[in-house]
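Have a look at target_19.cif; it's mmCIF, C-alpha atoms and all ligand atoms:
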data_run
loop_
_atom_site.group_PDB
_atom_site.id
_atom_site.type_symbol
_atom_site.label_atom_id
_atom_site.label_comp_id
_atom_site.auth_asym_id
_atom_site.auth_seq_id
_atom_site.Cartn_x
_atom_site.Cartn_y
_atom_site.Cartn_z
ATOM 1 C CA MET A 1 -62.001 -73.210 51.867
ATOM 2 C CA SER A 2 -58.644 -73.566 50.123
ATOM 3 C CA LEU A 3 -55.970 -70.941 50.652
ATOM 4 C CA PRO A 4 -54.841 -68.743 47.750
ATOM 5 C CA ILE A 5 -51.581 -69.870 46.089
ATOM 6 C CA VAL A 6 -48.963 -67.146 45.511
ATOM 7 C CA TYR A 7 -45.475 -67.125 43.957
ATOM 8 C CA ILE A 8 -42.783 -65.137 45.821
ATOM 9 C CA THR A 9 -39.258 -64.339 44.576
ATOM 10 C CA ARG A 10 -36.003 -63.279 46.215
ATOM 11 C CA LYS A 11 -33.142 -62.094 43.991
ATOM 12 C CA GLU A 12 -29.434 -62.005 44.890
ATOM 13 C CA SER A 13 -26.161 -61.488 43.023
ATOM 14 C CA PHE A 14 -22.772 -63.097 43.343
ATOM 15 C CA SER A 15 -19.478 -63.005 41.459
ATOM 16 C CA ALA A 16 -17.493 -66.109 40.669
ATOM 17 C CA CYS A 17 -15.072 -67.572 38.171
ATOM 18 C CA HIS A 18 -15.091 -70.893 36.379
ATOM 19 C CA ARG A 19 -13.919 -72.806 33.344
ATOM 20 C CA LEU A 20 -16.105 -74.970 31.120
ATOM 21 C CA HIS A 21 -14.123 -78.208 30.967
ATOM 22 C CA SER A 22 -15.146 -81.867 31.119
ATOM 23 C CA LYS A 23 -12.713 -84.403 32.567
ATOM 24 C CA THR A 24 -14.346 -87.055 30.372
ATOM 25 C CA LEU A 25 -13.294 -85.267 27.170
ATOM 26 C CA SER A 26 -9.878 -84.755 25.583
ATOM 27 C CA ASP A 27 -8.299 -81.292 25.542
ATOM 28 C CA ALA A 28 -9.112 -81.037 21.839
ATOM 29 C CA GLU A 29 -12.749 -82.020 22.426
ATOM 30 C CA ASN A 30 -13.062 -79.543 25.290
ATOM 31 C CA GLN A 31 -11.698 -76.786 23.088
ATOM 32 C CA GLU A 32 -14.001 -77.779 20.262
ATOM 33 C CA ILE A 33 -17.142 -77.788 22.442
ATOM 34 C CA PHE A 34 -16.510 -74.973 24.915
ATOM 35 C CA GLY A 35 -14.314 -72.658 22.822
ATOM 36 C CA LYS A 36 -13.272 -69.474 24.669
ATOM 37 C CA CYS A 37 -15.038 -70.696 27.824
ATOM 38 C CA ASN A 38 -12.462 -73.532 28.027
ATOM 39 C CA HIS A 39 -9.519 -71.113 28.436
ATOM 40 C CA ILE A 40 -7.163 -72.689 30.952
ATOM 41 C CA ASN A 41 -7.165 -69.701 33.321
ATOM 42 C CA GLY A 42 -10.958 -69.430 33.450
ATOM 43 C CA HIS A 43 -13.198 -66.373 33.334
ATOM 44 C CA GLY A 44 -15.670 -64.627 35.611
ATOM 45 C CA HIS A 45 -19.341 -63.731 35.747
ATOM 46 C CA ASN A 46 -21.571 -61.495 37.820
ATOM 47 C CA TYR A 47 -24.390 -63.963 38.364
ATOM 48 C CA THR A 48 -27.912 -63.050 39.417
ATOM 49 C CA VAL A 49 -30.082 -65.747 40.937
ATOM 50 C CA GLU A 50 -33.836 -65.628 41.449
ATOM 51 C CA VAL A 51 -35.379 -68.119 43.852
ATOM 52 C CA VAL A 52 -39.123 -68.566 43.350
ATOM 53 C CA LEU A 53 -41.354 -70.221 45.940
ATOM 54 C CA LYS A 54 -44.956 -71.291 45.366
ATOM 55 C CA GLY A 55 -47.308 -71.888 48.228
ATOM 56 C CA PRO A 56 -50.458 -71.024 50.174
ATOM 57 C CA VAL A 57 -50.696 -67.678 51.913
ATOM 58 C CA ASP A 58 -50.882 -68.310 55.648
ATOM 59 C CA PRO A 59 -54.029 -66.511 56.843
ATOM 60 C CA VAL A 60 -52.383 -65.455 60.103
ATOM 61 C CA THR A 61 -49.009 -64.156 58.812
ATOM 62 C CA GLY A 62 -50.159 -63.178 55.311
ATOM 63 C CA MET A 63 -46.995 -64.841 53.978
ATOM 64 C CA VAL A 64 -46.053 -67.821 51.829
ATOM 65 C CA MET A 65 -42.744 -67.656 53.711
ATOM 66 C CA ASN A 66 -40.924 -64.855 55.491
ATOM 67 C CA LEU A 67 -38.536 -63.447 52.836
ATOM 68 C CA VAL A 68 -36.071 -62.536 55.595
ATOM 69 C CA VAL A 69 -35.741 -66.239 56.375
ATOM 70 C CA LEU A 70 -35.373 -67.079 52.661
ATOM 71 C CA LYS A 71 -32.644 -64.411 52.433
ATOM 72 C CA GLN A 72 -30.684 -66.188 55.180
ATOM 73 C CA HIS A 73 -31.056 -69.570 53.463
ATOM 74 C CA MET A 74 -29.830 -68.060 50.177
ATOM 75 C CA LYS A 75 -26.850 -66.530 51.943
ATOM 76 C CA GLU A 76 -25.844 -69.898 53.393
ATOM 77 C CA CYS A 77 -26.597 -72.000 50.276
ATOM 78 C CA ILE A 78 -25.448 -69.634 47.528
ATOM 79 C CA MET A 79 -23.421 -66.577 48.560
ATOM 80 C CA ASP A 80 -21.314 -68.186 51.285
ATOM 81 C CA VAL A 81 -20.552 -71.094 48.937
ATOM 82 C CA MET A 82 -19.909 -69.342 45.619
ATOM 83 C CA ASP A 83 -19.447 -65.579 45.970
ATOM 84 C CA HIS A 84 -15.867 -64.557 45.107
ATOM 85 C CA LYS A 85 -14.948 -68.209 44.654
ATOM 86 C CA ASN A 86 -13.616 -70.403 41.882
ATOM 87 C CA ILE A 87 -16.652 -72.634 41.396
ATOM 88 C CA ASP A 88 -14.644 -75.527 39.944
ATOM 89 C CA LEU A 89 -12.017 -75.576 42.677
ATOM 90 C CA ASP A 90 -13.863 -74.299 45.750
ATOM 91 C CA VAL A 91 -17.202 -76.125 45.473
ATOM 92 C CA PRO A 92 -16.798 -79.912 45.867
ATOM 93 C CA TYR A 93 -20.042 -80.587 43.908
ATOM 94 C CA PHE A 94 -18.243 -79.376 40.766
ATOM 95 C CA LYS A 95 -15.219 -81.645 41.136
ATOM 96 C CA ASP A 96 -16.592 -83.907 38.375
ATOM 97 C CA LYS A 97 -19.334 -81.701 36.920
ATOM 98 C CA VAL A 98 -19.006 -78.973 34.319
ATOM 99 C CA SER A 99 -19.898 -75.626 35.910
ATOM 100 C CA THR A 100 -22.456 -74.605 33.297
ATOM 101 C CA ALA A 101 -25.311 -72.344 34.323
ATOM 102 C CA GLU A 102 -27.567 -75.407 34.057
ATOM 103 C CA ASN A 103 -25.513 -77.349 36.599
ATOM 104 C CA ILE A 104 -25.139 -74.348 38.905
ATOM 105 C CA ALA A 105 -28.943 -73.884 38.914
ATOM 106 C CA ILE A 106 -29.386 -77.598 39.763
ATOM 107 C CA PHE A 107 -26.793 -77.281 42.547
ATOM 108 C CA ILE A 108 -28.604 -74.291 44.045
ATOM 109 C CA TRP A 109 -31.912 -76.191 43.891
ATOM 110 C CA LYS A 110 -30.428 -79.181 45.725
ATOM 111 C CA GLN A 111 -28.941 -76.968 48.435
ATOM 112 C CA LEU A 112 -32.104 -74.930 49.038
ATOM 113 C CA GLU A 113 -34.497 -77.880 48.826
ATOM 114 C CA GLU A 114 -32.970 -79.234 52.031
ATOM 115 C CA LYS A 115 -33.777 -76.018 53.928
ATOM 116 C CA LEU A 116 -37.346 -75.442 52.739
ATOM 117 C CA SER A 117 -40.689 -77.124 53.444
ATOM 118 C CA LYS A 118 -41.436 -79.920 50.958
ATOM 119 C CA GLY A 119 -42.939 -78.656 47.699
ATOM 120 C CA LEU A 120 -42.337 -74.967 48.412
ATOM 121 C CA LEU A 121 -39.400 -74.443 46.020
ATOM 122 C CA TYR A 122 -40.769 -73.697 42.543
ATOM 123 C CA GLU A 123 -37.949 -72.373 40.347
ATOM 124 C CA ILE A 124 -34.294 -71.367 40.274
ATOM 125 C CA LYS A 125 -33.604 -68.786 37.591
ATOM 126 C CA LEU A 126 -29.903 -68.083 37.057
ATOM 127 C CA HIS A 127 -28.648 -65.186 34.939
ATOM 128 C CA GLU A 128 -25.065 -65.970 33.958
ATOM 129 C CA THR A 129 -24.887 -62.846 31.816
ATOM 130 C CA ASP A 130 -27.538 -60.298 30.843
ATOM 131 C CA LYS A 131 -28.237 -62.479 27.819
ATOM 132 C CA ASN A 132 -27.716 -66.044 29.102
ATOM 133 C CA ILE A 133 -30.416 -67.223 31.509
ATOM 134 C CA VAL A 134 -31.364 -70.721 32.689
ATOM 135 C CA SER A 135 -34.376 -71.906 34.642
ATOM 136 C CA TYR A 136 -34.700 -75.113 36.705
ATOM 137 C CA LYS A 137 -37.907 -76.413 38.257
ATOM 138 C CA GLY A 138 -36.652 -79.621 39.836
ATOM 139 C CA GLU A 139 -37.665 -81.978 37.009
HETATM 140 N N1 LIG B 201 -25.842 -74.064 27.619
HETATM 141 C C1 LIG B 201 -24.825 -73.291 28.061
HETATM 142 N N2 LIG B 201 -24.014 -72.688 27.171
HETATM 143 C C2 LIG B 201 -23.004 -71.892 27.609
HETATM 144 C C3 LIG B 201 -22.814 -71.678 28.979
HETATM 145 C C4 LIG B 201 -23.687 -72.345 29.900
HETATM 146 O O1 LIG B 201 -23.557 -72.214 31.129
HETATM 147 N N3 LIG B 201 -24.673 -73.108 29.398
HETATM 148 N N4 LIG B 201 -21.818 -70.859 29.403
HETATM 149 C C5 LIG B 201 -21.023 -70.229 28.588
HETATM 150 C C6 LIG B 201 -19.962 -69.326 29.145
HETATM 151 O O2 LIG B 201 -19.654 -69.653 30.457
HETATM 152 C C7 LIG B 201 -20.350 -67.850 29.157
HETATM 153 O O3 LIG B 201 -21.696 -67.689 29.512
HETATM 154 C C8 LIG B 201 -20.005 -67.169 27.862
HETATM 155 O O4 LIG B 201 -21.093 -67.093 26.975
HETATM 156 P P1 LIG B 201 -21.181 -65.997 25.817
HETATM 157 O O5 LIG B 201 -22.628 -65.910 25.439
HETATM 158 O O6 LIG B 201 -20.234 -66.289 24.734
HETATM 159 O O7 LIG B 201 -20.686 -64.720 26.576
HETATM 160 P P2 LIG B 201 -21.190 -63.259 26.523
HETATM 161 O O8 LIG B 201 -22.562 -63.158 27.125
HETATM 162 O O9 LIG B 201 -20.128 -62.445 27.154
HETATM 163 O O10 LIG B 201 -21.270 -62.975 24.988
HETATM 164 P P3 LIG B 201 -21.865 -61.790 24.163
HETATM 165 O O11 LIG B 201 -20.798 -61.494 23.184
HETATM 166 O O12 LIG B 201 -22.178 -60.648 25.069
HETATM 167 O O13 LIG B 201 -23.087 -62.349 23.502
HETATM 168 C C9 LIG B 201 -21.129 -70.431 27.124
HETATM 169 N N5 LIG B 201 -22.168 -71.310 26.738
HETATM 170 ZN ZN ZN B 202 -18.718 -68.661 31.932
#
Translate the structure described by the file into structure tokens.
Amino acid sequence: MSLPIVYITRKESFSACHRLHSKTLSDAENQEIFGKCNHINGHGHNYTVEVVLKGPVDPVTGMVMNLVVLKQHMKECIMDVMDHKNIDLDVPYFKDKVSTAENIAIFIWKQLEEKLSKGLLYEIKLHETDKNIVSYKGE
């Protein structure tokens, strides 16, 4: 008999600063596209990230995965890397990538995917502000 499939979520918050700026565009183009978010001194956000896993419930443990273990992975892959950091300057992945919420969600996916069993990671949902939210499912 097949095991029931359940979605589990762990939520964390981190604070970081960034600037929306593409090295492939001129200063005028950057200003035109990113507006206030292109300000040379950057700006900050209190991000919230939700990591969603999808998998079978182990009949012995009753878990898809121990959330305490997921918490540790999120600490290493997200908080230790980005909390209280300048994302553009402190995270090498963003050297040549614009630090949009889309790209940050993809970055988090790539980091976590390496730590988790294949196929377990289902969604990264990143709240950049209360109103601006992106979702990435590895496609
Ligand atoms: N597709 C994207 N668009 C924007 C992103 C992004 O990551 N992806 N990021 C920003 C800014 O970094 C930031 O989020 C500012 O957005 P804005 O909505 O203007 O800021 P507020 O939420 O503070 O604005 P309210 O006045 O409260 O609506 C911009 N675009
Ligand atoms: Zn921003």
Find the spatial neighbours of A:Asn86, counting all atoms listed in the file, within a cut-off of 8 Å - ignore same-chain residues fewer than 6 positions away - and output them as an mmCIF file with C-alpha atoms, in the coordinates of the input.
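Contents of part25.cif, as written:
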data_model
loop_
_atom_site.group_PDB
_atom_site.id
_atom_site.type_symbol
_atom_site.label_atom_id
_atom_site.label_comp_id
_atom_site.auth_asym_id
_atom_site.auth_seq_id
_atom_site.Cartn_x
_atom_site.Cartn_y
_atom_site.Cartn_z
ATOM 1 C CA ALA A 16 -17.493 -66.109 40.669
ATOM 2 C CA CYS A 17 -15.072 -67.572 38.171
ATOM 3 C CA HIS A 18 -15.091 -70.893 36.379
#
Applied to the shown file, which residues does the PyMOL selection byres (((not hetatm)) within 12 of (chain B and resi 202)) return, written as a short mmCIF file (atom, residue, chain, number, x, y, z; two decimals) with C-alpha atoms, in the coordinates of the input?
data_model
loop_
_atom_site.label_atom_id
_atom_site.label_comp_id
_atom_site.auth_asym_id
_atom_site.auth_seq_id
_atom_site.Cartn_x
_atom_site.Cartn_y
_atom_site.Cartn_z
CA SER A 15 -19.48 -63.00 41.46
CA ALA A 16 -17.49 -66.11 40.67
CA CYS A 17 -15.07 -67.57 38.17
CA HIS A 18 -15.09 -70.89 36.38
CA ARG A 19 -13.92 -72.81 33.34
CA LEU A 20 -16.10 -74.97 31.12
CA HIS A 21 -14.12 -78.21 30.97
CA PHE A 34 -16.51 -74.97 24.92
CA GLY A 35 -14.31 -72.66 22.82
CA LYS A 36 -13.27 -69.47 24.67
CA CYS A 37 -15.04 -70.70 27.82
CA ASN A 38 -12.46 -73.53 28.03
CA HIS A 39 -9.52 -71.11 28.44
CA ASN A 41 -7.16 -69.70 33.32
CA GLY A 42 -10.96 -69.43 33.45
CA HIS A 43 -13.20 -66.37 33.33
CA GLY A 44 -15.67 -64.63 35.61
CA HIS A 45 -19.34 -63.73 35.75
CA ASN A 46 -21.57 -61.50 37.82
CA TYR A 47 -24.39 -63.96 38.36
CA ASN A 86 -13.62 -70.40 41.88
CA ILE A 87 -16.65 -72.63 41.40
CA ASP A 88 -14.64 -75.53 39.94
CA VAL A 98 -19.01 -78.97 34.32
CA SER A 99 -19.90 -75.63 35.91
CA THR A 100 -22.46 -74.60 33.30
CA ALA A 101 -25.31 -72.34 34.32
CA GLU A 102 -27.57 -75.41 34.06
CA ASN A 103 -25.51 -77.35 36.60
CA ILE A 104 -25.14 -74.35 38.90
CA HIS A 127 -28.65 -65.19 34.94
CA GLU A 128 -25.06 -65.97 33.96
CA THR A 129 -24.89 -62.85 31.82
CA ASN A 132 -27.72 -66.04 29.10
CA ILE A 133 -30.42 -67.22 31.51
#
Edge lengths and centre, in Å to one decimal, as JSON: that's what I need for the box along x, y and z that holds all listed atoms of stretch 76-94 of chain A plus 4 Å on each side.
{"center_x": -19.3, "center_y": -72.6, "center_z": 46.7, "size_x": 22.6, "size_y": 24.0, "size_z": 21.4}
Target residues per the PyMOL selection byres (((chain A and resi 124) around 7) and not hetatm), formatted as a PyMOL selection string:
chain A and resi 50-52+105+109+123+125-126+135-137
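Interatomic distance, atom CA of A:Cys77 against atom CA of A:Leu112: 6.4 Å.
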Just so the selection is clear, what residues does the PyMOL selection byres (((chain A and resi 4) around 12) and not hetatm) cover here, as a PDB file with C-alpha atoms, in the coordinates of the input?
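File selection-v1.pdb, as written:
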ATOM      1  CA  MET A   1     -62.001 -73.210  51.867  1.00  0.00           C
ATOM      2  CA  SER A   2     -58.644 -73.566  50.123  1.00  0.00           C
ATOM      3  CA  LEU A   3     -55.970 -70.941  50.652  1.00  0.00           C
ATOM      4  CA  ILE A   5     -51.581 -69.870  46.089  1.00  0.00           C
ATOM      5  CA  VAL A   6     -48.963 -67.146  45.511  1.00  0.00           C
ATOM      6  CA  TYR A   7     -45.475 -67.125  43.957  1.00  0.00           C
ATOM      7  CA  LYS A  54     -44.956 -71.291  45.366  1.00  0.00           C
ATOM      8  CA  GLY A  55     -47.308 -71.888  48.228  1.00  0.00           C
ATOM      9  CA  PRO A  56     -50.458 -71.024  50.174  1.00  0.00           C
ATOM     10  CA  VAL A  57     -50.696 -67.678  51.913  1.00  0.00           C
ATOM     11  CA  ASP A  58     -50.882 -68.310  55.648  1.00  0.00           C
ATOM     12  CA  PRO A  59     -54.029 -66.511  56.843  1.00  0.00           C
ATOM     13  CA  GLY A  62     -50.159 -63.178  55.311  1.00  0.00           C
ATOM     14  CA  MET A  63     -46.995 -64.841  53.978  1.00  0.00           C
ATOM     15  CA  VAL A  64     -46.053 -67.821  51.829  1.00  0.00           C
TER      16      VAL A  64
END
Figure out the distance between atom CA of A:Ile8 and atom CA of A:Leu53, please, to one decimal in Å.
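Computed distance, atom CA of A:Leu53 to atom CA of A:Ile8, equals 5.3 Å.
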One decimal, Å: what's the distance from atom N2 of ligand LIG 201 (chain B) over to atom CA of A:Lys115, could you say?
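We find that atom N2 of ligand LIG 201 (chain B) and atom CA of A:Lys115 lie 28.7 Å from each other.
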Hey, which of A:Glu12, A:Glu32, A:Asp96, A:Glu139 ends up closest to A:Lys75? Count all atoms listed in the file.
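Smallest separation from A:Lys75 among the options: A:Glu12.
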So which one's closest to ligand LIG 201 (chain B), A:Val68, A:Ile33, A:Leu116, A:His84? Using only C-alpha atoms and all ligand atoms, please.
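Using only C-alpha atoms and all ligand atoms, the shortest distance to ligand LIG 201 (chain B) belongs to A:Ile33.
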For a quick check of understanding, using only C-alpha atoms and all ligand atoms, which of A:Lys11, A:Lys71, A:Leu121, A:Lys97 has the smallest distance to ligand LIG 201 (chain B)?
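Ranked by minimum distance to ligand LIG 201 (chain B), first place goes to A:Lys97.
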Could stretch 67-81 of chain A be completed with N, CA and C atoms and written as a PDB file, keeping the file's coordinate frame, please?
ATOM      1  N   LEU A  67     -39.657 -63.654  53.768  1.00  0.00           N
ATOM      2  CA  LEU A  67     -38.536 -63.447  52.836  1.00  0.00           C
ATOM      3  C   LEU A  67     -37.219 -63.179  53.567  1.00  0.00           C
ATOM      4  N   VAL A  68     -37.301 -62.736  54.810  1.00  0.00           N
ATOM      5  CA  VAL A  68     -36.071 -62.536  55.595  1.00  0.00           C
ATOM      6  C   VAL A  68     -35.417 -63.893  55.901  1.00  0.00           C
ATOM      7  N   VAL A  69     -36.266 -64.879  56.134  1.00  0.00           N
ATOM      8  CA  VAL A  69     -35.741 -66.239  56.375  1.00  0.00           C
ATOM      9  C   VAL A  69     -35.170 -66.812  55.082  1.00  0.00           C
ATOM     10  N   LEU A  70     -35.886 -66.602  53.959  1.00  0.00           N
ATOM     11  CA  LEU A  70     -35.373 -67.079  52.661  1.00  0.00           C
ATOM     12  C   LEU A  70     -34.027 -66.416  52.349  1.00  0.00           C
ATOM     13  N   LYS A  71     -33.919 -65.126  52.653  1.00  0.00           N
ATOM     14  CA  LYS A  71     -32.644 -64.411  52.433  1.00  0.00           C
ATOM     15  C   LYS A  71     -31.495 -65.115  53.171  1.00  0.00           C
ATOM     16  N   GLN A  72     -31.736 -65.522  54.386  1.00  0.00           N
ATOM     17  CA  GLN A  72     -30.684 -66.188  55.180  1.00  0.00           C
ATOM     18  C   GLN A  72     -30.315 -67.545  54.564  1.00  0.00           C
ATOM     19  N   HIS A  73     -31.335 -68.280  54.111  1.00  0.00           N
ATOM     20  CA  HIS A  73     -31.056 -69.570  53.463  1.00  0.00           C
ATOM     21  C   HIS A  73     -30.223 -69.361  52.195  1.00  0.00           C
ATOM     22  N   MET A  74     -30.570 -68.320  51.423  1.00  0.00           N
ATOM     23  CA  MET A  74     -29.830 -68.060  50.177  1.00  0.00           C
ATOM     24  C   MET A  74     -28.396 -67.652  50.479  1.00  0.00           C
ATOM     25  N   LYS A  75     -28.214 -66.906  51.549  1.00  0.00           N
ATOM     26  CA  LYS A  75     -26.850 -66.530  51.943  1.00  0.00           C
ATOM     27  C   LYS A  75     -26.017 -67.787  52.214  1.00  0.00           C
ATOM     28  N   GLU A  76     -26.598 -68.700  52.995  1.00  0.00           N
ATOM     29  CA  GLU A  76     -25.844 -69.898  53.393  1.00  0.00           C
ATOM     30  C   GLU A  76     -25.626 -70.866  52.219  1.00  0.00           C
ATOM     31  N   CYS A  77     -26.650 -70.986  51.352  1.00  0.00           N
ATOM     32  CA  CYS A  77     -26.597 -72.000  50.276  1.00  0.00           C
ATOM     33  C   CYS A  77     -25.929 -71.489  49.002  1.00  0.00           C
ATOM     34  N   ILE A  78     -25.944 -70.168  48.804  1.00  0.00           N
ATOM     35  CA  ILE A  78     -25.448 -69.634  47.528  1.00  0.00           C
ATOM     36  C   ILE A  78     -24.249 -68.704  47.755  1.00  0.00           C
ATOM     37  N   MET A  79     -24.486 -67.586  48.435  1.00  0.00           N
ATOM     38  CA  MET A  79     -23.421 -66.577  48.560  1.00  0.00           C
ATOM     39  C   MET A  79     -22.209 -67.095  49.331  1.00  0.00           C
ATOM     40  N   ASP A  80     -22.454 -67.705  50.482  1.00  0.00           N
ATOM     41  CA  ASP A  80     -21.314 -68.186  51.285  1.00  0.00           C
ATOM     42  C   ASP A  80     -20.519 -69.259  50.538  1.00  0.00           C
ATOM     43  N   VAL A  81     -21.196 -69.979  49.650  1.00  0.00           N
ATOM     44  CA  VAL A  81     -20.552 -71.094  48.937  1.00  0.00           C
ATOM     45  C   VAL A  81     -19.835 -70.631  47.669  1.00  0.00           C
TER      46      VAL A  81
END
